[in-house]
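> Take a look at final29.cif, mmCIF, C-alpha atoms and all ligand atoms:
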```cif
data_query
loop_
_atom_site.label_atom_id
_atom_site.label_comp_id
_atom_site.auth_asym_id
_atom_site.auth_seq_id
_atom_site.Cartn_x
_atom_site.Cartn_y
_atom_site.Cartn_z
CA MET A 1 -81.60 -33.95 39.34
CA ALA A 2 -78.19 -34.08 41.07
CA ALA A 3 -77.60 -31.34 43.66
CA THR A 4 -75.34 -28.48 42.57
CA PRO A 5 -71.87 -29.27 43.90
CA VAL A 6 -70.40 -27.01 46.58
CA THR A 7 -67.29 -25.16 45.41
CA LEU A 8 -64.23 -24.66 47.60
CA SER A 9 -64.93 -20.90 47.80
CA GLU A 10 -68.50 -21.54 48.95
CA HIS A 11 -67.31 -24.05 51.51
CA LEU A 12 -64.64 -21.70 52.86
CA ALA A 13 -67.25 -18.96 53.15
CA SER A 14 -69.51 -21.31 55.10
CA GLN A 15 -66.67 -22.16 57.50
CA ARG A 16 -65.70 -18.55 58.29
CA ALA A 17 -67.81 -18.50 61.44
CA HIS A 18 -65.62 -21.23 62.98
CA LEU A 19 -62.46 -19.15 62.56
CA PRO A 20 -61.11 -16.56 65.00
CA ARG A 21 -62.41 -13.24 63.64
CA GLU A 22 -58.98 -11.73 63.10
CA HIS A 23 -57.92 -14.61 60.82
CA ALA A 24 -61.11 -15.36 58.91
CA SER A 25 -60.40 -13.21 55.83
CA GLY A 26 -56.73 -14.20 55.72
CA VAL A 27 -57.45 -17.93 55.90
CA VAL A 28 -60.09 -17.75 53.18
CA ALA A 29 -57.79 -15.66 50.95
CA VAL A 30 -54.73 -17.85 51.49
CA ILE A 31 -56.44 -21.23 50.99
CA GLY A 32 -58.18 -19.80 47.92
CA GLY A 33 -54.78 -18.61 46.65
CA ILE A 34 -53.17 -22.02 47.26
CA ALA A 35 -56.03 -23.69 45.37
CA ARG A 36 -55.42 -21.39 42.36
CA VAL A 37 -51.72 -22.27 42.40
CA ALA A 38 -52.62 -25.98 42.66
CA VAL A 39 -54.61 -25.74 39.42
CA VAL A 40 -51.51 -24.36 37.69
CA ILE A 41 -49.23 -26.99 39.30
CA ALA A 42 -51.58 -29.77 38.13
CA GLN A 43 -51.40 -28.45 34.56
CA GLU A 44 -47.63 -28.06 34.71
CA LEU A 45 -47.20 -31.62 36.01
CA ALA A 46 -49.34 -32.96 33.17
CA HIS A 47 -47.13 -31.14 30.63
CA ALA A 48 -43.78 -31.55 32.41
CA ALA A 49 -42.22 -34.09 30.05
CA LEU A 50 -43.36 -32.04 27.04
CA ARG A 51 -41.94 -28.77 28.42
CA ASP A 52 -38.56 -30.14 29.53
CA ARG A 53 -39.51 -29.63 33.18
CA LEU A 54 -38.43 -33.08 34.42
CA GLY A 55 -35.07 -33.81 36.02
CA SER A 56 -32.85 -32.09 38.49
CA VAL A 57 -31.35 -28.59 38.56
CA GLY A 58 -28.11 -30.11 39.79
CA GLY A 59 -27.99 -29.06 43.45
CA THR A 60 -29.42 -29.86 46.86
CA ASN A 61 -31.79 -27.88 49.08
CA VAL A 62 -31.31 -26.88 52.71
CA SER A 63 -32.37 -30.40 53.81
CA GLY A 64 -29.80 -32.01 51.50
CA ASP A 65 -32.37 -33.35 49.00
CA GLU A 66 -31.71 -33.27 45.27
CA VAL A 67 -33.61 -30.27 43.84
CA LYS A 68 -35.82 -30.95 40.82
CA LYS A 69 -36.72 -28.33 38.23
CA LEU A 70 -40.35 -28.60 39.33
CA ASP A 71 -39.37 -27.99 42.98
CA VAL A 72 -37.90 -24.61 42.05
CA TRP A 73 -40.75 -23.75 39.70
CA GLY A 74 -43.34 -24.85 42.31
CA HIS A 75 -41.74 -22.65 44.98
CA GLU A 76 -41.85 -19.58 42.69
CA ALA A 77 -45.46 -20.32 41.66
CA MET A 78 -46.53 -20.70 45.30
CA LEU A 79 -44.74 -17.52 46.35
CA ALA A 80 -46.44 -15.55 43.58
CA GLY A 81 -49.84 -17.03 44.48
CA LEU A 82 -49.44 -16.23 48.18
CA ARG A 83 -48.28 -12.70 47.40
CA ALA A 84 -51.36 -12.21 45.23
CA SER A 85 -53.66 -13.60 47.96
CA GLY A 86 -52.93 -10.60 50.18
CA GLY A 87 -53.20 -12.70 53.36
CA CYS A 88 -49.67 -14.10 53.74
CA ALA A 89 -46.93 -12.20 55.56
CA ALA A 90 -44.17 -14.81 55.11
CA LEU A 91 -43.55 -18.15 53.44
CA VAL A 92 -41.51 -20.93 55.02
CA SER A 93 -40.77 -23.26 52.12
CA GLU A 94 -38.81 -26.43 51.67
CA GLU A 95 -36.97 -24.68 48.87
CA ALA A 96 -35.76 -21.64 50.85
CA LYS A 97 -33.30 -21.66 53.74
CA GLU A 98 -34.91 -18.66 55.48
CA PRO A 99 -38.55 -17.53 55.43
CA VAL A 100 -39.46 -15.29 52.49
CA GLU A 101 -41.04 -12.13 53.88
CA ILE A 102 -44.03 -10.54 52.10
CA PRO A 103 -44.12 -7.14 53.84
CA VAL A 104 -46.95 -5.82 51.70
CA SER A 105 -49.35 -8.29 53.38
CA ALA A 106 -48.04 -7.85 56.93
CA GLY A 107 -50.36 -6.90 59.79
CA ALA A 108 -51.89 -8.46 62.88
CA SER A 109 -54.31 -10.60 60.86
CA ALA A 110 -51.78 -11.84 58.26
CA LEU A 111 -50.66 -15.46 58.28
CA VAL A 112 -47.38 -17.26 57.96
CA VAL A 113 -47.60 -20.12 55.48
CA CYS A 114 -45.35 -23.18 55.79
CA CYS A 115 -45.38 -25.12 52.56
CA ASP A 116 -43.78 -27.91 50.59
CA PRO A 117 -44.94 -26.88 47.11
CA VAL A 118 -43.98 -30.17 45.39
CA ASP A 119 -43.72 -32.98 47.94
CA GLY A 120 -42.60 -36.46 46.93
CA SER A 121 -40.46 -35.05 44.17
CA SER A 122 -38.54 -38.31 43.69
CA ASN A 123 -41.77 -39.49 42.02
CA LEU A 124 -41.70 -36.72 39.41
CA ASP A 125 -39.51 -38.38 36.82
CA VAL A 126 -41.54 -41.62 36.90
CA ASN A 127 -44.96 -39.96 36.51
CA GLY A 128 -45.93 -40.95 40.06
CA ALA A 129 -48.24 -39.08 42.42
CA VAL A 130 -46.90 -35.95 44.13
CA GLY A 131 -48.48 -33.28 46.30
CA THR A 132 -48.45 -29.85 47.93
CA ILE A 133 -48.63 -29.57 51.73
CA PHE A 134 -49.53 -26.35 53.55
CA SER A 135 -49.92 -25.02 57.07
CA LEU A 136 -51.19 -21.59 58.18
CA ARG A 137 -50.09 -19.99 61.43
CA PRO A 138 -50.84 -16.56 62.92
CA SER A 139 -48.11 -13.97 62.28
CA ARG A 140 -49.21 -12.09 65.44
CA GLY A 141 -48.24 -8.88 63.63
CA GLN A 142 -44.56 -9.75 64.09
CA SER A 143 -42.01 -8.18 61.78
CA PRO A 144 -40.24 -10.05 60.35
CA ALA A 145 -43.15 -12.51 60.32
CA GLY A 146 -41.22 -15.73 59.56
CA PRO A 147 -40.26 -16.54 63.18
CA ALA A 148 -43.97 -16.75 64.06
CA ALA A 149 -43.93 -20.11 62.24
CA LEU A 150 -41.95 -21.61 65.11
CA GLY A 151 -43.92 -23.18 67.92
CA ARG A 152 -46.29 -26.04 68.55
CA GLY A 153 -48.43 -27.71 65.91
CA THR A 154 -51.46 -26.84 68.01
CA GLU A 155 -50.91 -23.21 66.93
CA GLN A 156 -51.87 -23.96 63.32
CA VAL A 157 -55.01 -22.13 62.19
CA ALA A 158 -55.46 -24.25 59.09
CA ALA A 159 -53.65 -26.95 57.15
CA GLY A 160 -54.11 -29.22 54.20
CA TYR A 161 -52.67 -30.77 51.10
CA VAL A 162 -53.25 -31.18 47.39
CA MET A 163 -52.67 -34.55 45.77
CA TYR A 164 -51.86 -34.65 42.06
CA GLY A 165 -52.85 -38.17 40.99
CA PRO A 166 -55.23 -39.34 38.27
CA GLY A 167 -57.41 -36.54 39.70
CA THR A 168 -56.33 -33.49 41.69
CA VAL A 169 -57.71 -33.52 45.22
CA LEU A 170 -57.47 -30.78 47.87
CA VAL A 171 -58.11 -31.59 51.54
CA TYR A 172 -58.15 -28.85 54.16
CA THR A 173 -59.01 -28.26 57.81
CA ILE A 174 -59.50 -25.12 59.87
CA GLY A 175 -59.92 -27.24 63.01
CA HIS A 176 -63.53 -28.06 62.19
CA GLY A 177 -63.32 -31.40 60.43
CA ALA A 178 -61.38 -32.34 57.31
CA HIS A 179 -62.98 -31.78 53.90
CA GLY A 180 -61.94 -32.99 50.45
CA PHE A 181 -62.48 -31.40 47.03
CA THR A 182 -61.79 -32.66 43.52
CA LEU A 183 -60.65 -30.37 40.72
CA ASN A 184 -62.96 -30.13 37.75
CA PRO A 185 -60.30 -29.58 35.05
CA GLU A 186 -62.87 -28.06 32.66
CA SER A 187 -63.98 -25.26 35.00
CA GLY A 188 -60.77 -25.03 37.09
CA GLU A 189 -62.91 -25.26 40.24
CA PHE A 190 -62.49 -27.52 43.25
CA LEU A 191 -65.80 -29.21 44.12
CA LEU A 192 -66.71 -30.82 47.44
CA THR A 193 -66.51 -34.61 46.98
CA HIS A 194 -65.40 -35.77 50.45
CA PRO A 195 -67.28 -33.79 53.13
CA GLU A 196 -66.45 -34.44 56.81
CA ILE A 197 -63.86 -37.15 56.18
CA ARG A 198 -63.80 -39.74 59.00
CA ILE A 199 -60.86 -42.13 59.12
CA PRO A 200 -61.85 -45.71 60.10
CA LYS A 201 -61.02 -46.50 63.74
CA ARG A 202 -58.84 -49.38 62.60
CA GLY A 203 -57.42 -50.25 59.16
CA LYS A 204 -55.92 -53.12 57.22
CA VAL A 205 -53.03 -51.39 55.45
CA TYR A 206 -49.70 -49.90 56.53
CA GLY A 207 -47.33 -47.68 54.57
CA ILE A 208 -43.63 -47.40 55.44
CA ASN A 209 -40.26 -47.61 53.69
CA GLU A 210 -39.40 -51.12 54.84
CA GLY A 211 -35.93 -50.82 53.31
CA ASN A 212 -35.02 -48.91 56.48
CA TYR A 213 -36.13 -51.79 58.77
CA TYR A 214 -32.75 -52.35 60.43
CA SER A 215 -32.33 -48.67 61.34
CA TRP A 216 -35.61 -48.42 63.27
CA HIS A 217 -36.28 -48.29 67.00
CA ALA A 218 -36.85 -51.84 68.37
CA GLY A 219 -40.50 -50.94 69.11
CA GLN A 220 -41.05 -49.93 65.47
CA ARG A 221 -39.53 -53.18 64.19
CA LYS A 222 -41.63 -55.29 66.57
CA PHE A 223 -44.76 -53.36 65.60
CA VAL A 224 -44.23 -53.97 61.86
CA ASP A 225 -43.42 -57.65 62.59
CA HIS A 226 -46.74 -57.81 64.44
CA LEU A 227 -48.66 -56.27 61.50
CA ARG A 228 -47.12 -58.88 59.17
CA THR A 229 -47.81 -61.86 61.42
CA PRO A 230 -50.93 -63.75 60.28
CA ASP A 231 -53.84 -63.91 62.72
CA LYS A 232 -57.17 -64.30 60.98
CA ALA A 233 -59.28 -63.43 64.00
CA GLU A 234 -57.29 -60.19 64.50
CA GLY A 235 -57.38 -59.22 60.82
CA ARG A 236 -53.66 -59.73 60.19
CA PRO A 237 -51.49 -59.62 58.19
CA TYR A 238 -52.06 -56.02 57.15
CA SER A 239 -51.30 -55.19 53.51
CA LEU A 240 -48.34 -52.98 52.66
CA ARG A 241 -48.83 -49.95 50.37
CA TYR A 242 -46.13 -47.31 49.91
CA SER A 243 -45.99 -44.76 47.10
CA GLY A 244 -42.92 -42.75 48.16
CA ALA A 245 -44.98 -39.52 48.25
CA MET A 246 -46.24 -38.56 51.69
CA VAL A 247 -49.36 -36.88 50.32
CA ALA A 248 -50.49 -39.97 48.41
CA ASP A 249 -49.79 -42.27 51.36
CA VAL A 250 -51.57 -39.99 53.84
CA HIS A 251 -54.53 -39.54 51.49
CA ARG A 252 -55.00 -43.30 51.18
CA THR A 253 -54.69 -43.68 54.94
CA LEU A 254 -57.24 -40.92 55.53
CA LEU A 255 -59.82 -42.58 53.31
CA ASP A 256 -59.15 -46.29 53.94
CA GLY A 257 -57.66 -46.25 57.45
CA GLY A 258 -54.50 -47.94 58.66
CA LEU A 259 -51.12 -46.32 59.02
CA PHE A 260 -48.54 -44.12 57.33
CA MET A 261 -45.21 -44.14 59.14
CA TYR A 262 -41.83 -42.49 58.69
CA PRO A 263 -39.95 -43.37 61.88
CA ALA A 264 -36.53 -41.99 62.81
CA ASP A 265 -33.28 -43.68 61.86
CA CYS A 266 -32.05 -45.01 65.21
CA SER A 267 -28.78 -46.55 63.97
CA ASP A 268 -27.19 -44.36 66.62
CA PRO A 269 -29.76 -44.63 69.44
CA ALA A 270 -28.27 -41.57 71.10
CA LYS A 271 -29.00 -39.46 67.99
CA PRO A 272 -32.21 -40.54 66.26
CA LYS A 273 -32.53 -38.92 62.81
CA ALA A 274 -35.97 -38.28 61.37
CA LYS A 275 -36.54 -37.49 57.70
CA LEU A 276 -39.79 -35.59 57.24
CA ARG A 277 -39.99 -31.88 58.03
CA LEU A 278 -42.07 -30.79 61.01
CA LEU A 279 -43.41 -27.42 59.84
CA TYR A 280 -44.52 -28.24 56.30
CA GLU A 281 -45.00 -32.02 56.29
CA VAL A 282 -45.48 -33.62 59.70
CA ALA A 283 -47.49 -30.98 61.65
CA PRO A 284 -50.00 -30.13 58.87
CA MET A 285 -50.70 -33.80 58.14
CA ALA A 286 -51.10 -34.48 61.87
CA PHE A 287 -53.66 -31.65 62.08
CA VAL A 288 -55.67 -33.00 59.12
CA VAL A 289 -55.60 -36.58 60.41
CA GLU A 290 -56.69 -35.58 63.92
CA GLN A 291 -59.53 -33.56 62.45
CA ALA A 292 -60.68 -36.68 60.61
CA GLY A 293 -60.80 -38.57 63.92
CA GLY A 294 -57.38 -40.19 63.56
CA ARG A 295 -54.19 -39.88 65.55
CA ALA A 296 -50.63 -38.70 64.84
CA SER A 297 -47.73 -39.67 67.07
CA THR A 298 -43.96 -39.61 67.13
CA GLY A 299 -44.11 -43.04 68.78
CA ALA A 300 -43.65 -41.34 72.14
CA GLY A 301 -46.30 -38.61 72.07
CA ARG A 302 -48.70 -36.41 70.15
CA VAL A 303 -47.11 -34.76 67.09
CA LEU A 304 -49.08 -31.53 67.50
CA GLU A 305 -47.43 -30.93 70.89
CA LEU A 306 -43.97 -30.85 69.30
CA ALA A 307 -42.55 -27.32 69.26
CA ALA A 308 -40.50 -26.34 66.21
CA THR A 309 -37.40 -24.35 67.04
CA GLU A 310 -35.95 -24.44 63.50
CA TYR A 311 -37.62 -23.90 60.14
CA HIS A 312 -36.44 -27.15 58.58
CA GLN A 313 -36.59 -29.30 61.72
CA ARG A 314 -37.40 -32.98 61.17
CA ALA A 315 -39.71 -35.25 63.13
CA ALA A 316 -40.77 -38.89 63.13
CA ILE A 317 -44.41 -39.65 62.37
CA ILE A 318 -46.86 -42.50 62.79
CA LEU A 319 -50.33 -41.40 61.70
CA GLY A 320 -53.63 -42.97 60.83
CA SER A 321 -56.45 -44.90 62.48
CA GLN A 322 -56.82 -44.34 66.24
CA ASP A 323 -56.48 -47.96 67.30
CA ASP A 324 -53.55 -48.68 65.00
CA VAL A 325 -51.55 -45.64 66.16
CA ALA A 326 -52.32 -46.39 69.80
CA LEU A 327 -50.99 -49.92 69.29
CA ALA A 328 -47.80 -48.58 67.70
CA GLU A 329 -47.24 -46.37 70.75
CA GLU A 330 -47.77 -49.41 72.96
CA PHE A 331 -44.98 -51.28 71.10
CA TYR A 332 -42.66 -48.28 71.55
CA ARG A 333 -43.46 -48.15 75.30
CA ARG A 334 -42.77 -51.87 75.75
CA SER A 335 -39.41 -51.57 73.97
CA SER A 336 -38.09 -48.48 75.70
P1 LIG B 401 -39.32 -36.85 48.60
O1 LIG B 401 -38.04 -37.07 49.35
O2 LIG B 401 -39.41 -37.60 47.31
O3 LIG B 401 -39.69 -35.39 48.43
O4 LIG B 401 -40.64 -35.07 51.58
C1 LIG B 401 -40.03 -36.20 51.62
C2 LIG B 401 -40.60 -37.40 50.92
O5 LIG B 401 -40.50 -37.44 49.53
C3 LIG B 401 -42.07 -37.73 51.27
O6 LIG B 401 -43.01 -37.18 50.41
C4 LIG B 401 -42.09 -39.24 51.22
O7 LIG B 401 -43.06 -39.82 52.03
C5 LIG B 401 -40.70 -39.60 51.67
O8 LIG B 401 -39.86 -38.45 51.46
C6 LIG B 401 -40.12 -40.74 50.91
O9 LIG B 401 -38.89 -41.05 51.46
P2 LIG B 401 -38.12 -42.41 51.10
O10 LIG B 401 -37.71 -42.29 49.67
O11 LIG B 401 -36.95 -42.39 52.03
O12 LIG B 401 -39.03 -43.55 51.35
#
```
The structure in this file should be written as structure tokens.


Amino acid sequence: MAATPVTLSEHLASQRAHLPREHASGVVAVIGGIARVAVVIAQELAHAALRDRLGSVGGTNVSGDEVKKLDVWGHEAMLAGLRASGGCAALVSEEAKEPVEIPVSAGASALVVCCDPVDGSSNLDVNGAVGTIFSLRPSRGQSPAGPAALGRGTEQVAAGYVMYGPGTVLVYTIGHGAHGFTLNPESGEFLLTHPEIRIPKRGKVYGINEGNYYSWHAGQRKFVDHLRTPDKAEGRPYSLRYSGAMVADVHRTLLDGGLFMYPADCSDPAKPKAKLRLLYEVAPMAFVVEQAGGRASTGAGRVLELAATEYHQRAAIILGSQDDVALAEEFYRRSS
């Protein structure tokens, strides 16, 4: 008889001992709350075309991206879920310029959540994969709590993502490995399907928007040229896979190895411009990937050492298999 699958709540309970005591209840409550919201988001995505939820609301968010109806709806759903969890003192969201304070949950043990509720939203109207990314940081009892989100990625207590694809998958870390769960749509429960994820030391696939090739740093261009240059003995060329949704591209990289990269636009070398947001995209994914034995770099150094000074700050990212990311850094060094 097959063993009874471990639910997300059971797994979180079993991990409590690895958490600092003051955050244990908050982390369990908040990740549980995010998982409940994810079940609702998955259902809403499946019904979006039928409920007139596709398309844009006609404006841009603080980062200048076109705002989709599901972005706004996802933000409100996440806020309500975090409020109900009782463990979140403030939400830093892609869809809000300033942190949203939740004073009712404030206190020394409460957490600040940084979240992109619906990431990869340009995929929404074409029925492509999208995701939710989250990061939990200590509020340190600050009031307002939002500013506690600023600081290094190493300060994260937990992080993870949900991928809405053919199945809905939640991956989380509390700094003790990375673990993956698949939603059973019948019961509404996330069940452990990918315990202790370990990313291969080296991969065969890279994911990047190659349309931006001419705007990259010379080291980035030379590195991608290298990955494309055939060398049977070295396992090249690598294959290119790119979905346009960070969550889907990181999830594939986590399971199969290789690289996901979103380097800065260096058209003006004096002012490199990154795209992805540090607090709710880059830092949480770096935390998850490192916990799976991988590496996450800006090209010049470890992503988790970057200190955020602004809520919607952007950062370049090269993440994935250890050897592949180390080689990318080597190409940057040689070209600087
Ligand atoms: P999107 O703009 O569709 O929300 O968050 C930004 C993001 O998606 C990532 O999910 C994705 O990896 C990237 O942007 C895609 O950007 P490009 O369209 O420039 O490739």

> Can you build me a table of chain A residues sitting at most 6 Å from ligand LIG 401 (chain B), with the closest atom pair per residue and its distance in Å to one decimal, using all atoms listed in the file, sorted by chain and residue number, as a tab-separated table?


```
residue	atom	partner	partner_atom	distance
A:Asp119	CA	B:LIG401	O3	4.7
A:Gly120	CA	B:LIG401	O2	3.4
A:Ser121	CA	B:LIG401	O2	4.2
A:Ser122	CA	B:LIG401	O2	3.8
A:Asn209	CA	B:LIG401	O12	4.8
A:Gly244	CA	B:LIG401	C6	4.4
A:Ala245	CA	B:LIG401	O6	3.7
A:Met246	CA	B:LIG401	O7	3.4
A:Leu276	CA	B:LIG401	C1	5.7
```

> Need the shell around Met285 in chain A: protein/DNA/RNA residues with any atom at most 7 Å away, counting all atoms listed in the file. Skip same-chain ones fewer than 4 positions apart. Format as a list in words?

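Here the qualifying residues turn out to be Gly160, Glu281 and Val289 of chain A.
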
> Write out as a list in words which residues come within 8 Å of range 190-192 of chain A when counting all atoms listed in the file, dropping same-chain ones fewer than 2 positions away.

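The residues that qualify are Pro5, Val6, Thr7, Leu8, His11, Ala35, Val169, Leu170, His179, Gly180, Phe181, Thr182, Leu183, Asn184, Gly188, His194 and Pro195 of chain A.
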
> Between CA of Ser243 in chain A and CA of Ile317 in chain A, what is the distance, to one decimal in Å?

16.2 Å

> With only C-alpha atoms as the atoms that count, which of A:Ser63, A:Gly207, A:Glu186, A:Glu196 lies nearest to Ala274 in chain A?

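Distance minimum relative to Ala274 in chain A lands on A:Ser63.
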
> Could you jot down the CA of Glu98 in chain A to CA of Val62 in chain A separation for me, Å, one decimal place?

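Distance reported for this atom pair: 9.4 Å.
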
> As JSON, please: the centre and edge lengths in Å, to one decimal, of an axis-aligned box enclosing every listed atom of range 104-114 of chain A with 3 Å added on each side.


```
{"center_x": -49.8, "center_y": -14.5, "center_z": 57.3, "size_x": 15.0, "size_y": 23.4, "size_z": 17.2}
```

> Which residue gives the smallest distance to Val250 in chain A among A:Ser56, A:Thr309, A:Ser321, A:Ser267, with all atoms listed in the file counted?

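Among A:Ser56, A:Thr309, A:Ser321, A:Ser267, it is A:Ser321 that comes nearest to Val250 in chain A.
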
> Identify the residues around (-58.9, -21.3, 52.3) within a radius of 10 Å, measuring from only C-alpha atoms in the coordinates stated by the file, and give them as a ChimeraX atom specification.

/A:8-9,11-13,15-16,24-35,136,158-160,172-174

> Select, counting all atoms listed in the file, all protein, DNA and RNA residues no farther than 8 Å from (-36.7, -25.1, 59.6) in file coordinates, and express the selection as an NGL selection string.

:A and (92 or 97-98 or 277-279 or 308-313)

> Residues near Val104 in chain A, anyone? I mean within 9 Å using only C-alpha atoms, not counting same-chain ones fewer than 6 positions away, as a count of residues only.

4

> What's the separation between CA of Asp249 in chain A and CA of Gly153 in chain A, in Å to one decimal place?

20.6 Å

> Have a look at A:Arg334, A:His18, A:Lys204, A:Arg236 and name the one nearest to Gly299 in chain A; count all atoms listed in the file.

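Ranking A:Arg334, A:His18, A:Lys204, A:Arg236 by distance to Gly299 in chain A, first place goes to A:Arg334.
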
> Tell me which of A:Gln322, A:Asn61, A:Thr4, A:Thr154 sits closest to Phe287 in chain A, counting all atoms listed in the file.

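For Phe287 in chain A, the nearest of the given residues is A:Thr154.
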